[in-house]
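Q: First the structure, which I've put down as structure tokens, then a few questions once you've had a look.
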Amino acid sequence: MDTIYSLATGRGKAGVAVIRVSGPRAVDCAQHLAGFRPSGRAPSLRRLHDAEGALIDEALVLFFAAGRSFTGEDVVEFQTHGSPAIVAAVLEQLRALDAVRLAEPGEFTRRALESGCLDLAQVEGLADLIDAETEAQRKQAVRVFDGALGDRTERWRTDLILAAALLEATIDFADEDVPVDVTPEVKQLITGVLAEIMKETAGSSAAERIRDGFEVAILGEPNIGKSTLLNALAGRDAAITSAIAGTTRDVIEVRMDLKGLPVTFLDTAGLRETTDEIEGLGIQRALNRAETADLRVILTENGALPPALQRQSDDIVRVGKADEGQEDGVSGRTGAGVDALIAEVVQVLETKASGASLAIRARHREALEKGAGSLQTALDELDHGMDRSELAAEELRIAIRALETLVGRIDVETLLDEIFASFCLGK
């Protein structure tokens, strides 16, 4: 396998730059640049020279032996000063070596997967951790990257393999007098795993929303203060405000970190009857986004909803353009009621997020749903008696394979290129 290298930190000026090398020639790279062959774990301060012996920089050189590194291979890291010129010079020296090449996007992480240092769910958790913008996203990604989903999947897999083994033993000795009926034990194992999978699946929608962000639609009639409220929430003029009714035609989105939750507020067209074709399209877009939003904030003049809206259980209704001290009002212009509105939005979204599971991607949910379906079918087959054991055992094998795709044991080659393409070169 080729030895690969890449800048692992961001490009541009910085205090420190980290250049990572992984593969069988990693130690040779250290010999070429720093004049020594690292063998211990302690960092070493060394001078880096080019092929002609000219000084490039003074850097910390770290060595991680195969089996104790991120990729599972020998890894050397050069921690240089963060000058673009220094980085370019080091990369040029590495490029000139035989069997050493620039890493492809995500190739370090892919090697960690192939060497068994990470499972596929951990790889996805790492990608989400790198992309995390809020505290809730960070915490969720850390749980998956730490291996929690893989550990849970392995426990389910172990129980199902035991259940399948018991059934296989019954099938193998079908012509003999086997005194022990294994059906109760098999059903208990399947039922326990099925209950946990169903619970995990139920929380997958909330987990996906934390990863992708919640949407909160601001709705109401024209000139009720929706755009002004959006600007107040964003802390900038994100939307045009005007005394002219129908100013907002399209949906305006502002993404923000709301008490650690990723939230996108949507400013929408004012809801009213209109003969203006363009305004009508904007109103229809507003209604469509309102249907898919996680939460709706509805501004009214007197508490009555616009005719186009039906009240939902978690709608937050406020009187728009409210004065100071109005308990059920909010005003983006004066700031009255804005803090109380934010607190209520956070409370509702935290409740929605509280049931989040470790299944943070649609791929996870689909694998869990497929596994749960096969387990339920296996139970149904067992209810027909032991003469259907072979069918039940086959459904167990299908369920096990579905769970194995969660952590990348099988049938994931078509996913790998897409997943790793989202990583930077140094990962």
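Naming works like this for the structure tokens: A, B, ... for the chains as they're shown, residue 1 at the start of each chain, ligands 1 onward in shown order.
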Using only C-alpha atoms, determine which residues lie at most 7 Å from Ala121 of chain A, disregarding the query and same-chain residues fewer than 5 positions distant; provide the list as JSON, numbers by chain.
A: {"A": [144, 149, 150, 406, 407]}
Q: Could those residues be written to a file, using N, CA, C and O atoms, as a PDB file, in the first residue's frame?
A:
```
ATOM      1  N   VAL A 144     -21.618   8.907  18.716  1.00  0.00           N
ATOM      2  CA  VAL A 144     -21.502   7.946  17.625  1.00  0.00           C
ATOM      3  C   VAL A 144     -20.036   7.665  17.321  1.00  0.00           C
ATOM      4  O   VAL A 144     -19.635   6.512  17.131  1.00  0.00           O
ATOM      5  N   LEU A 149     -23.007   3.381  18.908  1.00  0.00           N
ATOM      6  CA  LEU A 149     -23.910   2.663  17.998  1.00  0.00           C
ATOM      7  C   LEU A 149     -23.314   1.316  17.606  1.00  0.00           C
ATOM      8  O   LEU A 149     -24.023   0.307  17.540  1.00  0.00           O
ATOM      9  N   GLY A 150     -22.016   1.283  17.361  1.00  0.00           N
ATOM     10  CA  GLY A 150     -21.364   0.020  17.026  1.00  0.00           C
ATOM     11  C   GLY A 150     -21.437  -0.979  18.167  1.00  0.00           C
ATOM     12  O   GLY A 150     -21.683  -2.173  17.946  1.00  0.00           O
ATOM     13  N   LEU A 406     -24.930  -1.463   9.304  1.00  0.00           N
ATOM     14  CA  LEU A 406     -24.801  -0.257  10.130  1.00  0.00           C
ATOM     15  C   LEU A 406     -23.345   0.087  10.400  1.00  0.00           C
ATOM     16  O   LEU A 406     -22.950   1.253  10.366  1.00  0.00           O
ATOM     17  N   VAL A 407     -22.560  -0.950  10.681  1.00  0.00           N
ATOM     18  CA  VAL A 407     -21.161  -0.718  11.073  1.00  0.00           C
ATOM     19  C   VAL A 407     -20.184  -1.055   9.958  1.00  0.00           C
ATOM     20  O   VAL A 407     -18.972  -1.034  10.152  1.00  0.00           O
TER      21      VAL A 407
END
```
Q: So which residues touch Gln312 of chain A within 12 Å, counting only C-alpha atoms, skipping near sequence neighbours fewer than 2 positions away, as a list in words?
A: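 Near neighbours after the sequence-gap exclusion: Ala290, Glu291, Ala293, Asp294, Leu295, Arg296, Val297, Ile298, Leu305, Leu309, Gln310, Asp314, Asp315, Ile316 and Val317 of chain A.
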Q: Quick one, how far is atom CA of Arg236 of chain A from atom CA of Gln284 of chain A?
A: 26.5 Å
Q: Using only C-alpha atoms, which residue out of A:Val216, A:Ala66, A:Leu55, A:Val90 lies closest to Val18 of chain A?
A: A:Val90
Q: Find the residues around Ala65 of chain A up to 9 Å (only C-alpha atoms counted), leave out those fewer than 4 positions away in its own chain, and share them as a list in words.
A: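 Returned residues: Ser39, Gly40, Arg41, Ser69, Gly72, Glu73, Asp74, Val75 and Val76 of chain A.
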Q: Between A:Ala8, A:Val123, A:Leu33, A:Ala202, which residue has the minimum interatomic distance to Ala353 of chain A, considering only C-alpha atoms?
A: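 When distances to Ala353 of chain A are compared using only C-alpha atoms, the smallest one comes from A:Ala202.
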Q: Grab the atom CA of Ser44 of chain A to atom CA of Leu60 of chain A distance for me, in Å with one decimal place.
A: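 Atom CA of Leu60 of chain A lies 5.5 Å from atom CA of Ser44 of chain A.
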Q: Would you give me, as a compact mmCIF listing (two decimals) with all heavy atoms, in the first residue's frame, the residues in segment 150-194 of chain A that DSSP reads as alpha helix (DSSP H)?
A:
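File part-v2.txt, as written:
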```txt
# COMPACT_ATOMS: atom_id res chain seq x y z
N GLY A 150 -22.02 1.28 17.36
CA GLY A 150 -21.36 0.02 17.03
C GLY A 150 -21.44 -0.98 18.17
O GLY A 150 -21.68 -2.17 17.95
N ASP A 151 -21.23 -0.52 19.40
CA ASP A 151 -21.31 -1.41 20.57
C ASP A 151 -22.70 -1.98 20.72
O ASP A 151 -22.88 -3.17 20.99
CB ASP A 151 -20.92 -0.65 21.84
CG ASP A 151 -19.44 -0.27 21.86
OD1 ASP A 151 -18.67 -0.85 21.08
OD2 ASP A 151 -19.08 0.61 22.66
N ARG A 152 -23.70 -1.12 20.54
CA ARG A 152 -25.10 -1.57 20.67
C ARG A 152 -25.44 -2.57 19.57
O ARG A 152 -26.09 -3.60 19.81
CB ARG A 152 -26.03 -0.36 20.61
CG ARG A 152 -27.46 -0.65 21.01
CD ARG A 152 -28.22 0.64 21.26
NE ARG A 152 -27.61 1.41 22.36
CZ ARG A 152 -28.05 2.60 22.74
NH1 ARG A 152 -29.08 3.17 22.12
NH2 ARG A 152 -27.48 3.22 23.75
N THR A 153 -24.99 -2.28 18.36
CA THR A 153 -25.25 -3.18 17.24
C THR A 153 -24.60 -4.53 17.46
O THR A 153 -25.19 -5.58 17.17
CB THR A 153 -24.74 -2.55 15.93
OG1 THR A 153 -25.39 -1.30 15.71
CG2 THR A 153 -24.99 -3.46 14.75
N GLU A 154 -23.39 -4.54 17.99
CA GLU A 154 -22.68 -5.80 18.24
C GLU A 154 -23.41 -6.63 19.29
O GLU A 154 -23.47 -7.87 19.18
CB GLU A 154 -21.24 -5.52 18.68
CG GLU A 154 -20.39 -6.75 18.87
CD GLU A 154 -20.28 -7.59 17.60
OE1 GLU A 154 -20.30 -7.01 16.49
OE2 GLU A 154 -20.17 -8.83 17.73
N ARG A 155 -23.97 -5.96 20.30
CA ARG A 155 -24.73 -6.69 21.33
C ARG A 155 -25.99 -7.32 20.72
O ARG A 155 -26.31 -8.48 21.00
CB ARG A 155 -25.10 -5.73 22.46
CG ARG A 155 -25.92 -6.37 23.57
CD ARG A 155 -25.90 -5.51 24.82
NE ARG A 155 -26.25 -4.13 24.54
CZ ARG A 155 -27.51 -3.71 24.38
NH1 ARG A 155 -28.51 -4.57 24.46
NH2 ARG A 155 -27.76 -2.43 24.15
N TRP A 156 -26.69 -6.56 19.88
CA TRP A 156 -27.87 -7.12 19.20
C TRP A 156 -27.46 -8.31 18.32
O TRP A 156 -28.13 -9.34 18.30
CB TRP A 156 -28.53 -6.06 18.32
CG TRP A 156 -29.13 -4.91 19.06
CD1 TRP A 156 -29.53 -4.89 20.35
CD2 TRP A 156 -29.38 -3.60 18.54
NE1 TRP A 156 -30.02 -3.64 20.67
CE2 TRP A 156 -29.94 -2.84 19.58
CE3 TRP A 156 -29.19 -3.00 17.30
CZ2 TRP A 156 -30.32 -1.50 19.41
CZ3 TRP A 156 -29.57 -1.67 17.12
CH2 TRP A 156 -30.13 -0.94 18.17
N ARG A 157 -26.37 -8.13 17.60
CA ARG A 157 -25.91 -9.17 16.68
C ARG A 157 -25.57 -10.45 17.44
O ARG A 157 -25.91 -11.55 17.00
CB ARG A 157 -24.69 -8.65 15.93
CG ARG A 157 -24.11 -9.61 14.92
CD ARG A 157 -22.98 -8.93 14.14
NE ARG A 157 -22.28 -9.86 13.27
CZ ARG A 157 -21.28 -10.63 13.65
NH1 ARG A 157 -20.82 -10.57 14.91
NH2 ARG A 157 -20.70 -11.47 12.80
N THR A 158 -24.93 -10.31 18.59
CA THR A 158 -24.57 -11.48 19.40
C THR A 158 -25.81 -12.24 19.83
O THR A 158 -25.87 -13.48 19.76
CB THR A 158 -23.76 -11.04 20.63
OG1 THR A 158 -22.56 -10.39 20.20
CG2 THR A 158 -23.40 -12.23 21.49
N ASP A 159 -26.85 -11.52 20.30
CA ASP A 159 -28.09 -12.17 20.73
C ASP A 159 -28.78 -12.87 19.57
O ASP A 159 -29.32 -13.98 19.72
CB ASP A 159 -29.03 -11.14 21.35
CG ASP A 159 -28.59 -10.68 22.73
OD1 ASP A 159 -27.68 -11.31 23.29
OD2 ASP A 159 -29.15 -9.69 23.25
N LEU A 160 -28.78 -12.25 18.41
CA LEU A 160 -29.46 -12.84 17.26
C LEU A 160 -28.70 -14.05 16.72
O LEU A 160 -29.31 -15.01 16.24
CB LEU A 160 -29.65 -11.79 16.16
CG LEU A 160 -30.59 -10.64 16.51
CD1 LEU A 160 -30.73 -9.69 15.33
CD2 LEU A 160 -31.97 -11.16 16.93
N ILE A 161 -27.36 -14.00 16.78
CA ILE A 161 -26.58 -15.16 16.36
C ILE A 161 -26.86 -16.34 17.29
O ILE A 161 -26.98 -17.49 16.83
CB ILE A 161 -25.07 -14.81 16.35
CG1 ILE A 161 -24.77 -13.89 15.17
CG2 ILE A 161 -24.22 -16.08 16.27
CD1 ILE A 161 -23.33 -13.39 15.14
N LEU A 162 -27.00 -16.08 18.59
CA LEU A 162 -27.35 -17.15 19.53
C LEU A 162 -28.73 -17.72 19.21
O LEU A 162 -28.91 -18.95 19.20
CB LEU A 162 -27.32 -16.61 20.96
CG LEU A 162 -27.77 -17.59 22.06
CD1 LEU A 162 -26.93 -18.87 22.04
CD2 LEU A 162 -27.70 -16.93 23.43
N ALA A 163 -29.69 -16.83 18.93
CA ALA A 163 -31.03 -17.30 18.59
C ALA A 163 -31.00 -18.14 17.32
O ALA A 163 -31.65 -19.20 17.23
CB ALA A 163 -31.97 -16.10 18.42
N ALA A 164 -30.24 -17.69 16.32
CA ALA A 164 -30.14 -18.44 15.07
C ALA A 164 -29.47 -19.78 15.28
O ALA A 164 -29.87 -20.80 14.69
CB ALA A 164 -29.37 -17.61 14.04
N ALA A 165 -28.45 -19.82 16.16
CA ALA A 165 -27.75 -21.07 16.44
C ALA A 165 -28.68 -22.09 17.10
O ALA A 165 -28.64 -23.29 16.79
CB ALA A 165 -26.54 -20.80 17.33
N LEU A 166 -29.52 -21.61 18.00
CA LEU A 166 -30.48 -22.51 18.65
C LEU A 166 -31.46 -23.08 17.63
O LEU A 166 -31.79 -24.28 17.67
CB LEU A 166 -31.24 -21.75 19.75
CG LEU A 166 -30.42 -21.35 20.98
CD1 LEU A 166 -31.21 -20.42 21.87
CD2 LEU A 166 -29.99 -22.60 21.75
N LEU A 167 -31.92 -22.25 16.72
CA LEU A 167 -32.84 -22.73 15.69
C LEU A 167 -32.14 -23.71 14.75
O LEU A 167 -32.72 -24.73 14.35
CB LEU A 167 -33.40 -21.56 14.89
CG LEU A 167 -34.48 -20.72 15.57
CD1 LEU A 167 -34.91 -19.58 14.65
CD2 LEU A 167 -35.69 -21.58 15.93
N GLU A 168 -30.90 -23.39 14.37
CA GLU A 168 -30.16 -24.27 13.47
C GLU A 168 -29.95 -25.64 14.10
O GLU A 168 -30.02 -26.67 13.42
CB GLU A 168 -28.80 -23.65 13.12
CG GLU A 168 -28.87 -22.36 12.31
CD GLU A 168 -29.30 -22.59 10.88
OE1 GLU A 168 -29.40 -23.76 10.46
OE2 GLU A 168 -29.53 -21.60 10.17
N ALA A 169 -29.69 -25.65 15.41
CA ALA A 169 -29.52 -26.94 16.10
C ALA A 169 -30.80 -27.74 16.05
O ALA A 169 -30.78 -28.97 15.85
CB ALA A 169 -29.11 -26.69 17.55
N THR A 170 -31.93 -27.07 16.20
CA THR A 170 -33.23 -27.76 16.13
C THR A 170 -33.45 -28.34 14.73
O THR A 170 -33.94 -29.46 14.58
CB THR A 170 -34.36 -26.77 16.47
OG1 THR A 170 -34.15 -26.24 17.76
CG2 THR A 170 -35.71 -27.46 16.42
N ILE A 171 -33.06 -27.56 13.69
CA ILE A 171 -33.23 -28.02 12.32
C ILE A 171 -32.32 -29.22 12.05
O ILE A 171 -32.73 -30.22 11.44
CB ILE A 171 -32.92 -26.88 11.34
CG1 ILE A 171 -33.95 -25.76 11.50
CG2 ILE A 171 -32.90 -27.38 9.90
CD1 ILE A 171 -33.57 -24.48 10.79
N ASP A 172 -31.07 -29.16 12.52
CA ASP A 172 -30.10 -30.24 12.28
C ASP A 172 -30.55 -31.55 12.90
O ASP A 172 -30.25 -32.63 12.37
CB ASP A 172 -28.73 -29.85 12.85
CG ASP A 172 -28.08 -28.73 12.04
OD1 ASP A 172 -28.51 -28.51 10.90
OD2 ASP A 172 -27.15 -28.06 12.57
N THR A 183 -37.92 -22.79 21.55
CA THR A 183 -38.73 -21.67 21.09
C THR A 183 -38.84 -20.55 22.11
O THR A 183 -38.68 -19.37 21.76
CB THR A 183 -40.13 -22.15 20.69
OG1 THR A 183 -40.02 -23.18 19.71
CG2 THR A 183 -40.95 -21.00 20.11
N PRO A 184 -39.12 -20.83 23.40
CA PRO A 184 -39.23 -19.72 24.36
C PRO A 184 -37.95 -18.88 24.47
O PRO A 184 -38.02 -17.65 24.51
CB PRO A 184 -39.54 -20.44 25.68
CG PRO A 184 -40.17 -21.72 25.27
CD PRO A 184 -39.46 -22.13 24.02
N GLU A 185 -36.79 -19.54 24.48
CA GLU A 185 -35.54 -18.81 24.60
C GLU A 185 -35.28 -17.99 23.34
O GLU A 185 -34.85 -16.83 23.41
CB GLU A 185 -34.38 -19.77 24.84
CG GLU A 185 -33.04 -19.05 25.08
CD GLU A 185 -31.91 -20.01 25.41
OE1 GLU A 185 -32.17 -21.23 25.53
OE2 GLU A 185 -30.76 -19.53 25.54
N VAL A 186 -35.56 -18.58 22.17
CA VAL A 186 -35.36 -17.86 20.91
C VAL A 186 -36.27 -16.65 20.84
O VAL A 186 -35.84 -15.54 20.47
CB VAL A 186 -35.60 -18.80 19.71
CG1 VAL A 186 -35.63 -18.00 18.40
CG2 VAL A 186 -34.54 -19.88 19.65
N LYS A 187 -37.53 -16.83 21.21
CA LYS A 187 -38.48 -15.71 21.19
C LYS A 187 -38.07 -14.60 22.15
O LYS A 187 -38.20 -13.42 21.84
CB LYS A 187 -39.88 -16.20 21.53
CG LYS A 187 -40.61 -16.91 20.40
CD LYS A 187 -42.04 -17.18 20.78
CE LYS A 187 -42.83 -17.73 19.60
NZ LYS A 187 -44.25 -17.96 19.93
N GLN A 188 -37.55 -14.99 23.31
CA GLN A 188 -37.11 -13.99 24.28
C GLN A 188 -35.95 -13.17 23.74
O GLN A 188 -35.92 -11.94 23.88
CB GLN A 188 -36.70 -14.69 25.59
CG GLN A 188 -36.30 -13.71 26.69
CD GLN A 188 -35.92 -14.42 27.98
OE1 GLN A 188 -35.83 -15.65 28.03
NE2 GLN A 188 -35.71 -13.66 29.04
N LEU A 189 -34.99 -13.83 23.08
CA LEU A 189 -33.86 -13.12 22.49
C LEU A 189 -34.32 -12.17 21.39
O LEU A 189 -33.92 -11.00 21.34
CB LEU A 189 -32.86 -14.12 21.93
CG LEU A 189 -32.04 -14.92 22.96
CD1 LEU A 189 -31.32 -16.07 22.28
CD2 LEU A 189 -31.05 -14.02 23.67
N ILE A 190 -35.19 -12.67 20.52
CA ILE A 190 -35.66 -11.85 19.40
C ILE A 190 -36.48 -10.67 19.90
O ILE A 190 -36.31 -9.53 19.46
CB ILE A 190 -36.50 -12.70 18.41
CG1 ILE A 190 -35.63 -13.77 17.77
CG2 ILE A 190 -37.12 -11.81 17.34
CD1 ILE A 190 -36.40 -14.74 16.88
N THR A 191 -37.38 -10.94 20.85
CA THR A 191 -38.24 -9.88 21.37
C THR A 191 -37.45 -8.77 22.04
O THR A 191 -37.73 -7.59 21.88
CB THR A 191 -39.25 -10.46 22.37
OG1 THR A 191 -40.04 -11.47 21.72
CG2 THR A 191 -40.20 -9.38 22.89
N GLY A 192 -36.41 -9.16 22.79
CA GLY A 192 -35.58 -8.16 23.46
C GLY A 192 -34.86 -7.27 22.47
O GLY A 192 -34.83 -6.04 22.62
N VAL A 193 -34.28 -7.87 21.43
CA VAL A 193 -33.58 -7.08 20.41
C VAL A 193 -34.56 -6.22 19.64
O VAL A 193 -34.30 -5.03 19.38
CB VAL A 193 -32.80 -8.00 19.46
CG1 VAL A 193 -32.22 -7.20 18.29
CG2 VAL A 193 -31.69 -8.72 20.20
N LEU A 194 -35.72 -6.78 19.29
CA LEU A 194 -36.71 -6.04 18.52
C LEU A 194 -37.18 -4.81 19.27
O LEU A 194 -37.33 -3.72 18.69
CB LEU A 194 -37.90 -6.95 18.19
CG LEU A 194 -39.04 -6.31 17.39
CD1 LEU A 194 -38.54 -5.78 16.06
CD2 LEU A 194 -40.17 -7.32 17.18
```
Q: Take atom CA of Thr377 of chain A and atom CA of Ala195 of chain A and report the distance between them in Å, one decimal.
A: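 Computing it gives 14.1 Å between the two atoms.
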Q: As a PyMOL selection string, please: every residue in segment 29-277 of chain A that DSSP puts in strand (DSSP E).
A: chain A and resi 44-49+55-64+75-82+100-102+214-220+252-258+261-267
Q: Counting only C-alpha atoms, figure out which residue out of A:Pro222, A:Gly260, A:Gly125, A:Gly116 gets nearest to Leu358 of chain A.
A: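 Ranking A:Pro222, A:Gly260, A:Gly125, A:Gly116 by distance to Leu358 of chain A, first place goes to A:Gly125.
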Q: Nearest to Arg11 of chain A among A:Thr71, A:Gln376, A:Thr275, A:Ser83, with distances taken over only C-alpha atoms: which residue is it?
A: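 Ranked by minimum distance to Arg11 of chain A, first place goes to A:Ser83.
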